[in-house]
Amino acid sequence: MKVIVGIGGVTNSGKTTLTNSLHKALPNCCVIHQDEFFKPQDQIAVGEDGFKQWDVLESLDMEAMLSTVQAWVKSPQKFARAHGVSVQSDASDTHILLLEGFLIYSYKPLLDVYSRRYFLTVPYEESRQRRRTRKYVVADPPGVFEGHVWPMYLKYKQEMEADGVEVVYLDGMQPREELVHQVLEDIQNMLLNCS
Ligand SMILES: Nc1ncnc2c1ncn2[C@@H]1O[C@H](COP(=O)(O)OP(=O)(O)OP(=O)(O)O)[C@@H](O)[C@H]1O
Ligand SMILES: NC(=O)c1ccc[n+]([C@@H]2O[C@H](CO)[C@@H](O)[C@H]2O)c1
């Protein structure tokens with residue numbers, strides 16, 4: 001059985017942290033991070049607001065991300081070996097792919113691949129404060145969170161909700177261990193119901 005699980009949500013809600021814990025806890029589990037598909041800096045448009053538009057779908061090479069997902073679907077075993085994930089030899093094993101990122105439910109060709117779509121949220125002020133401690137490949141210019149990052153988050157979330165995309169919301173203010181426990185339990189129940 002092949003299962004794809006999405007870990008989406010707002011910037012600094014703890015997506016990567018949760019994904020890394022799930023990756024360690026789940027057998028035959030591979031991960032694809034959307035952040036690895038950002039286009040080069042010289043291809044990122046500058047908006048009327050003067051900010052480089054990093055937080056729009058067009059700044060990501062989603063075709064390449066889709067191809068990577070398709071490679072896993074074609075052969076999870078081969079994909080796992082190529083990415084240094086040890087594989088259990090039993091042919092009936094379940095294979096799990098975690099897709100992690102801030103815009104994973106906004107690219108239509110990837111919308112229906114998920115068995116579960118999780119969506120982590122934290123309030124504006126928490127996201128802003130956590131983000132101040134982060135170092136991205138390109139540093140945040142002053143005002144970008146308020147002027148670009150958060151408004152784009154709201155825009156894509158509203159679109160997702162208007163399109164009726166079904167997600168399981170997770171409260172990113174919970175302690176890390178509780179989030180992992182909650183999601184692991186839910187995934188394990190889902191796997192039992194599928195088999
Ligand atoms: N449950 C939590 N409670 C408090 N802080 C957390 C929690 N989970 C993660 N953090 C912290 O919040 C920051 C962001 O975490 P993380 O990198 O996992 O977020 P992210 O959603 O992947 O962010 P981005 O998409 O912007 O890269 C880190 O400093 C991390 O240690
Ligand atoms: N990884 C990058 O190249 C990069 C560059 C500039 C900004 N970002 C930020 O990453 C977040 C998603 O994790 C987005 O909010 C981007 O602003 C990433």
# chains A, B, ... in the order shown; residues from 1 in each chain; ligands from 1
$ residues_near_ligand --ligand "ligand 2" --cutoff "7 Å" --atoms "only C-alpha atoms and all ligand atoms" --output "JSON list (two decimals) with N, CA and C atoms, in the first residue's frame"
[["chain", "number", "residue", "atom", "x", "y", "z"],
["A", 11, "THR", "N", 3.86, 29.58, 7.59],
["A", 11, "THR", "CA", 5.30, 29.65, 7.88],
["A", 11, "THR", "C", 5.56, 29.62, 9.39],
["A", 35, "ASP", "N", 10.28, 23.36, 0.01],
["A", 35, "ASP", "CA", 11.28, 24.43, -0.01],
["A", 35, "ASP", "C", 12.47, 24.09, -0.92],
["A", 36, "GLU", "N", 12.66, 22.81, -1.21],
["A", 36, "GLU", "CA", 13.78, 22.43, -2.08],
["A", 36, "GLU", "C", 13.47, 22.74, -3.55],
["A", 38, "PHE", "N", 12.23, 25.83, -4.64],
["A", 38, "PHE", "CA", 12.23, 27.26, -4.95],
["A", 38, "PHE", "C", 13.07, 27.50, -6.20],
["A", 54, "TRP", "N", 8.52, 35.71, -2.96],
["A", 54, "TRP", "CA", 8.89, 34.32, -2.64],
["A", 54, "TRP", "C", 7.67, 33.48, -2.26],
["A", 55, "ASP", "N", 6.62, 34.11, -1.75],
["A", 55, "ASP", "CA", 5.52, 33.33, -1.16],
["A", 55, "ASP", "C", 4.34, 33.12, -2.10],
["A", 101, "GLY", "N", 5.32, 21.40, 3.25],
["A", 101, "GLY", "CA", 5.55, 22.72, 2.68],
["A", 101, "GLY", "C", 4.40, 23.68, 2.93],
["A", 102, "PHE", "N", 4.67, 24.96, 2.59],
["A", 102, "PHE", "CA", 3.69, 26.02, 2.93],
["A", 102, "PHE", "C", 2.63, 26.20, 1.85],
["A", 136, "TYR", "N", 16.81, 32.07, 6.46],
["A", 136, "TYR", "CA", 16.47, 31.47, 5.17],
["A", 136, "TYR", "C", 17.65, 31.66, 4.21],
["A", 137, "VAL", "N", 17.60, 30.94, 3.10],
["A", 137, "VAL", "CA", 18.67, 31.05, 2.09],
["A", 137, "VAL", "C", 18.85, 32.52, 1.71],
["A", 138, "VAL", "N", 17.70, 33.22, 1.59],
["A", 138, "VAL", "CA", 17.73, 34.67, 1.37],
["A", 138, "VAL", "C", 17.06, 35.31, 2.59],
["A", 139, "ALA", "N", 17.79, 36.19, 3.25],
["A", 139, "ALA", "CA", 17.27, 36.78, 4.49],
["A", 139, "ALA", "C", 16.02, 37.62, 4.23],
["A", 140, "ASP", "N", 15.10, 37.62, 5.18],
["A", 140, "ASP", "CA", 13.89, 38.44, 5.09],
["A", 140, "ASP", "C", 14.25, 39.92, 5.13],
["A", 149, "VAL", "N", 4.48, 38.04, 3.24],
["A", 149, "VAL", "CA", 4.37, 36.63, 3.67],
["A", 149, "VAL", "C", 2.98, 36.33, 4.24]]
$ residues_around --residues "stretch 74-84 of chain A" --least-positions-apart "5" --cutoff "12 Å" --atoms "only C-alpha atoms" --output "short mmCIF file (atom, residue, chain, number, x, y, z; two decimals) with N, CA and C atoms, in the first residue's frame"
data_model
loop_
_atom_site.label_atom_id
_atom_site.label_comp_id
_atom_site.auth_asym_id
_atom_site.auth_seq_id
_atom_site.Cartn_x
_atom_site.Cartn_y
_atom_site.Cartn_z
N MET A 1 0.84 -1.20 0.00
CA MET A 1 0.00 0.00 0.00
C MET A 1 0.88 1.26 0.00
N LYS A 2 0.47 2.26 -0.79
CA LYS A 2 1.21 3.53 -0.84
C LYS A 2 0.33 4.64 -0.28
N VAL A 3 0.90 5.37 0.65
CA VAL A 3 0.13 6.44 1.32
C VAL A 3 0.92 7.74 1.27
N ILE A 4 0.27 8.81 0.78
CA ILE A 4 0.92 10.13 0.77
C ILE A 4 0.22 11.03 1.79
N PRO A 27 7.83 3.51 9.55
CA PRO A 27 8.67 2.64 8.72
C PRO A 27 8.49 2.92 7.23
N ASN A 28 9.48 2.62 6.43
CA ASN A 28 9.41 2.80 4.97
C ASN A 28 8.87 4.18 4.60
N CYS A 29 9.45 5.18 5.21
CA CYS A 29 8.91 6.54 5.05
C CYS A 29 9.91 7.47 4.36
N CYS A 30 9.46 8.11 3.30
CA CYS A 30 10.29 9.09 2.59
C CYS A 30 9.68 10.49 2.75
N VAL A 31 10.50 11.51 2.54
CA VAL A 31 10.03 12.89 2.70
C VAL A 31 10.42 13.73 1.48
N ILE A 32 9.51 14.59 1.06
CA ILE A 32 9.83 15.60 0.04
C ILE A 32 9.48 16.96 0.63
N SER A 67 7.11 15.73 -10.49
CA SER A 67 7.90 14.62 -11.05
C SER A 67 8.55 13.80 -9.95
N THR A 68 9.00 14.48 -8.90
CA THR A 68 9.64 13.78 -7.79
C THR A 68 8.62 12.89 -7.07
N VAL A 69 7.41 13.41 -6.90
CA VAL A 69 6.35 12.61 -6.28
C VAL A 69 6.02 11.41 -7.17
N SER A 89 11.97 -5.60 3.88
CA SER A 89 11.96 -6.44 2.68
C SER A 89 10.59 -7.01 2.32
N ASP A 90 9.68 -7.10 3.29
CA ASP A 90 8.36 -7.69 3.03
C ASP A 90 7.63 -6.91 1.91
N ALA A 91 7.29 -7.61 0.83
CA ALA A 91 6.69 -6.95 -0.34
C ALA A 91 5.33 -6.32 -0.04
N SER A 92 4.64 -6.81 1.00
CA SER A 92 3.31 -6.29 1.32
C SER A 92 3.38 -5.01 2.18
N ASP A 93 4.60 -4.58 2.48
CA ASP A 93 4.74 -3.43 3.37
C ASP A 93 4.05 -2.17 2.86
N THR A 94 3.64 -1.37 3.80
CA THR A 94 3.09 -0.05 3.48
C THR A 94 4.26 0.91 3.26
N HIS A 95 4.13 1.73 2.24
CA HIS A 95 5.13 2.79 2.00
C HIS A 95 4.46 4.14 2.19
N ILE A 96 5.14 5.00 2.92
CA ILE A 96 4.57 6.32 3.24
C ILE A 96 5.45 7.43 2.67
N LEU A 97 4.80 8.42 2.05
CA LEU A 97 5.53 9.60 1.58
C LEU A 97 4.96 10.82 2.30
#
$ closest_residue --among "A:Ile187, A:Leu179, A:Leu57, A:Leu26" --to "A:Ser115" --atoms "only C-alpha atoms"
A:Ile187
$ residues_near_ligand --ligand "ligand 1" --cutoff "7 Å" --atoms "only C-alpha atoms and all ligand atoms" --output "PyMOL selection string"
chain A and resi 9-18+101-102+130-131+133-134+172-176+179
$ write_last_selection --atoms "C-alpha atoms" --output "compact mmCIF listing (two decimals), in the first residue's frame"
# COMPACT_ATOMS: atom_id res chain seq x y z
CA GLY A 9 0.38 25.22 6.91
CA VAL A 10 1.64 28.65 7.71
CA THR A 11 5.30 29.65 7.88
CA ASN A 12 6.96 28.66 11.17
CA SER A 13 4.02 26.61 12.36
CA GLY A 14 6.39 23.66 12.91
CA LYS A 15 5.89 21.71 9.66
CA THR A 16 9.53 20.67 9.29
CA THR A 17 9.88 19.81 12.97
CA LEU A 18 6.77 17.60 12.90
CA GLY A 101 5.55 22.72 2.68
CA PHE A 102 3.69 26.02 2.93
CA ARG A 130 9.31 32.48 15.40
CA ARG A 131 10.28 33.67 11.92
CA THR A 133 14.81 33.55 14.75
CA ARG A 134 15.12 31.84 11.34
CA GLY A 172 0.83 24.49 16.08
CA MET A 173 0.82 26.07 19.56
CA GLN A 174 0.74 22.61 21.12
CA PRO A 175 4.03 21.17 22.41
CA ARG A 176 6.05 19.30 19.75
CA LEU A 179 1.60 17.12 17.88
$ select_by_dssp --residues "stretch 34-154 of chain A" --states "helix (DSSP H, G or I)" --output "MDAnalysis selection string"
chainID A and resid 34:37 41:43 57:59 62:74 76:82 108:113 124:132 144:154
$ atom_distance --atom1 "atom CA of A:Leu60" --atom2 "atom CA of A:Val113"
18.5 Å
$ atom_distance --atom1 "atom CA of A:Ser106" --atom2 "atom CA of A:Leu154"
12.3 Å
$ select_by_dssp --residues "stretch 23-155 of chain A" --states "strand (DSSP E or B)" --output "short mmCIF file (atom, residue, chain, number, x, y, z; two decimals) with N, CA and C atoms, in the first residue's frame"
data_model
loop_
_atom_site.label_atom_id
_atom_site.label_comp_id
_atom_site.auth_asym_id
_atom_site.auth_seq_id
_atom_site.Cartn_x
_atom_site.Cartn_y
_atom_site.Cartn_z
N CYS A 29 9.45 5.18 5.21
CA CYS A 29 8.91 6.54 5.05
C CYS A 29 9.91 7.47 4.36
N CYS A 30 9.46 8.11 3.30
CA CYS A 30 10.29 9.09 2.59
C CYS A 30 9.68 10.49 2.75
N VAL A 31 10.50 11.51 2.54
CA VAL A 31 10.03 12.89 2.70
C VAL A 31 10.42 13.73 1.48
N ILE A 32 9.51 14.59 1.06
CA ILE A 32 9.83 15.60 0.04
C ILE A 32 9.48 16.96 0.63
N HIS A 33 10.47 17.87 0.67
CA HIS A 33 10.25 19.22 1.20
C HIS A 33 10.04 20.20 0.03
N PHE A 38 12.23 25.83 -4.64
CA PHE A 38 12.23 27.26 -4.95
C PHE A 38 13.07 27.50 -6.20
N VAL A 46 9.57 40.72 -8.66
CA VAL A 46 9.43 41.77 -7.63
C VAL A 46 8.03 42.37 -7.79
N LYS A 52 10.43 40.93 -3.19
CA LYS A 52 10.56 39.72 -4.01
C LYS A 52 9.44 38.78 -3.59
N LEU A 60 7.92 28.63 -7.16
CA LEU A 60 8.33 27.24 -6.93
C LEU A 60 8.23 26.46 -8.24
N HIS A 95 4.13 1.73 2.24
CA HIS A 95 5.13 2.79 2.00
C HIS A 95 4.46 4.14 2.19
N ILE A 96 5.14 5.00 2.92
CA ILE A 96 4.57 6.32 3.24
C ILE A 96 5.45 7.43 2.67
N LEU A 97 4.80 8.42 2.05
CA LEU A 97 5.53 9.60 1.58
C LEU A 97 4.96 10.82 2.30
N LEU A 98 5.84 11.59 2.94
CA LEU A 98 5.42 12.84 3.58
C LEU A 98 5.77 14.00 2.65
N LEU A 99 4.78 14.81 2.30
CA LEU A 99 5.04 16.03 1.53
C LEU A 99 4.89 17.20 2.48
N GLU A 100 5.96 17.98 2.62
CA GLU A 100 5.95 19.07 3.60
C GLU A 100 6.17 20.41 2.90
N ARG A 116 -4.17 11.96 3.42
CA ARG A 116 -4.49 12.88 4.52
C ARG A 116 -3.79 14.19 4.27
N ARG A 117 -4.52 15.29 4.51
CA ARG A 117 -3.89 16.62 4.38
C ARG A 117 -3.93 17.30 5.74
N TYR A 118 -2.79 17.41 6.38
CA TYR A 118 -2.72 18.15 7.65
C TYR A 118 -2.37 19.60 7.36
N PHE A 119 -2.88 20.49 8.22
CA PHE A 119 -2.62 21.92 8.02
C PHE A 119 -2.37 22.56 9.39
N LEU A 120 -1.11 22.92 9.61
CA LEU A 120 -0.71 23.52 10.89
C LEU A 120 -0.95 25.02 10.90
N THR A 121 -1.54 25.49 11.97
CA THR A 121 -1.76 26.93 12.11
C THR A 121 -1.12 27.45 13.41
#
$ closest_residue --among "A:Pro151, A:Gln129, A:Leu111, A:Leu191" --to "A:Asp163" --atoms "only C-alpha atoms"
A:Leu111
$ closest_residue --among "A:Pro123, A:Gly143, A:Leu66, A:Val168" --to "A:Gln182" --atoms "only C-alpha atoms"
A:Val168
$ residues_around --residues "A:Glu146" --least-positions-apart "5" --cutoff "10 Å" --atoms "only C-alpha atoms" --output "PyMOL selection string"
chain A and resi 124+128+151-152
$ atom_distance --atom1 "atom CA of A:Ile104" --atom2 "atom CA of A:Gly147"
21.7 Å
$ closest_residue --among "A:His148, A:Val165, A:Met62, A:Met160" --to "A:Asp49" --atoms "only C-alpha atoms"
A:His148
$ residues_around --residues "A:Asp61" --least-positions-apart "2" --cutoff "7 Å" --atoms "only C-alpha atoms" --output "list in words"
Phe37, Phe38, Lys39, Ser59, Glu63, Ala64 and Met65 of chain A
$ decode --residues "stretch 50-166 of chain A" --atoms "C-alpha atoms" --output "short mmCIF file (atom, residue, chain, number, x, y, z; two decimals), in the first residue's frame"
data_model
loop_
_atom_site.label_atom_id
_atom_site.label_comp_id
_atom_site.auth_asym_id
_atom_site.auth_seq_id
_atom_site.Cartn_x
_atom_site.Cartn_y
_atom_site.Cartn_z
CA GLY A 50 8.75 46.23 -3.81
CA PHE A 51 9.18 42.77 -2.23
CA LYS A 52 10.56 39.72 -4.01
CA GLN A 53 7.51 37.48 -4.30
CA TRP A 54 8.89 34.32 -2.64
CA ASP A 55 5.52 33.33 -1.16
CA VAL A 56 3.60 32.74 -4.39
CA LEU A 57 3.21 29.44 -6.22
CA GLU A 58 5.01 30.80 -9.31
CA SER A 59 8.24 31.01 -7.26
CA LEU A 60 8.33 27.24 -6.93
CA ASP A 61 9.12 24.69 -9.63
CA MET A 62 5.99 22.66 -8.95
CA GLU A 63 6.42 20.59 -12.11
CA ALA A 64 9.73 19.33 -10.70
CA MET A 65 8.09 18.61 -7.35
CA LEU A 66 5.32 16.69 -9.13
CA SER A 67 7.90 14.62 -11.05
CA THR A 68 9.64 13.78 -7.79
CA VAL A 69 6.35 12.61 -6.28
CA GLN A 70 5.64 10.56 -9.41
CA ALA A 71 9.05 8.90 -9.10
CA TRP A 72 8.14 7.79 -5.57
CA VAL A 73 4.71 6.53 -6.73
CA LYS A 74 6.36 4.53 -9.51
CA SER A 75 8.75 2.79 -7.16
CA PRO A 76 8.81 3.66 -3.45
CA GLN A 77 11.53 1.04 -2.90
CA LYS A 78 13.84 2.53 -5.53
CA PHE A 79 13.10 6.08 -4.30
CA ALA A 80 13.84 5.08 -0.69
CA ARG A 81 17.14 3.42 -1.61
CA ALA A 82 18.18 6.47 -3.66
CA HIS A 83 17.43 8.71 -0.66
CA GLY A 84 19.15 6.57 1.96
CA VAL A 85 15.96 5.25 3.57
CA SER A 86 16.23 1.63 4.72
CA VAL A 87 13.41 -0.51 3.34
CA GLN A 88 11.75 -3.48 5.02
CA SER A 89 11.96 -6.44 2.68
CA ASP A 90 8.36 -7.69 3.03
CA ALA A 91 6.69 -6.95 -0.34
CA SER A 92 3.31 -6.29 1.32
CA ASP A 93 4.74 -3.43 3.37
CA THR A 94 3.09 -0.05 3.48
CA HIS A 95 5.13 2.79 2.00
CA ILE A 96 4.57 6.32 3.24
CA LEU A 97 5.53 9.60 1.58
CA LEU A 98 5.42 12.84 3.58
CA LEU A 99 5.04 16.03 1.53
CA GLU A 100 5.95 19.07 3.60
CA GLY A 101 5.55 22.72 2.68
CA PHE A 102 3.69 26.02 2.93
CA LEU A 103 1.86 25.79 -0.43
CA ILE A 104 1.30 22.07 -0.93
CA TYR A 105 -2.49 22.34 -1.30
CA SER A 106 -2.51 25.10 -3.90
CA TYR A 107 -1.09 23.28 -6.94
CA LYS A 108 -3.98 21.48 -8.61
CA PRO A 109 -2.09 18.47 -10.11
CA LEU A 110 -0.93 17.50 -6.61
CA LEU A 111 -4.24 18.02 -4.84
CA ASP A 112 -5.69 14.54 -5.12
CA VAL A 113 -2.60 12.49 -4.28
CA TYR A 114 -3.05 12.80 -0.52
CA SER A 115 -4.57 10.21 1.81
CA ARG A 116 -4.49 12.88 4.52
CA ARG A 117 -3.89 16.62 4.38
CA TYR A 118 -2.72 18.15 7.65
CA PHE A 119 -2.62 21.92 8.02
CA LEU A 120 -0.71 23.52 10.89
CA THR A 121 -1.76 26.93 12.11
CA VAL A 122 -0.30 29.44 14.58
CA PRO A 123 -1.49 33.00 15.20
CA TYR A 124 0.06 35.96 13.34
CA GLU A 125 2.20 37.13 16.24
CA GLU A 126 3.60 33.65 16.98
CA SER A 127 4.49 33.08 13.32
CA ARG A 128 6.14 36.51 13.15
CA GLN A 129 8.17 35.99 16.32
CA ARG A 130 9.31 32.48 15.40
CA ARG A 131 10.28 33.67 11.92
CA ARG A 132 12.58 36.33 13.37
CA THR A 133 14.81 33.55 14.75
CA ARG A 134 15.12 31.84 11.34
CA LYS A 135 17.80 32.08 8.68
CA TYR A 136 16.47 31.47 5.17
CA VAL A 137 18.67 31.05 2.09
CA VAL A 138 17.73 34.67 1.37
CA ALA A 139 17.27 36.78 4.49
CA ASP A 140 13.89 38.44 5.09
CA PRO A 141 14.03 42.17 4.26
CA PRO A 142 12.39 44.48 6.83
CA GLY A 143 8.59 44.44 6.61
CA VAL A 144 8.30 41.39 4.34
CA PHE A 145 6.39 39.31 6.88
CA GLU A 146 3.69 41.96 7.36
CA GLY A 147 3.71 43.16 3.73
CA HIS A 148 4.02 39.93 1.74
CA VAL A 149 4.37 36.63 3.67
CA TRP A 150 1.25 36.85 5.85
CA PRO A 151 -1.04 38.42 3.20
CA MET A 152 -0.09 35.64 0.72
CA TYR A 153 -0.70 33.00 3.42
CA LEU A 154 -4.23 34.39 3.95
CA LYS A 155 -4.90 34.58 0.20
CA TYR A 156 -3.92 30.96 -0.51
CA LYS A 157 -5.71 29.67 2.60
CA GLN A 158 -8.90 31.46 1.54
CA GLU A 159 -8.60 29.96 -1.95
CA MET A 160 -8.06 26.50 -0.50
CA GLU A 161 -11.14 26.83 1.68
CA ALA A 162 -13.25 28.27 -1.16
CA ASP A 163 -12.21 25.30 -3.34
CA GLY A 164 -13.43 22.93 -0.62
CA VAL A 165 -10.04 21.26 -0.11
CA GLU A 166 -10.46 18.98 2.87
#
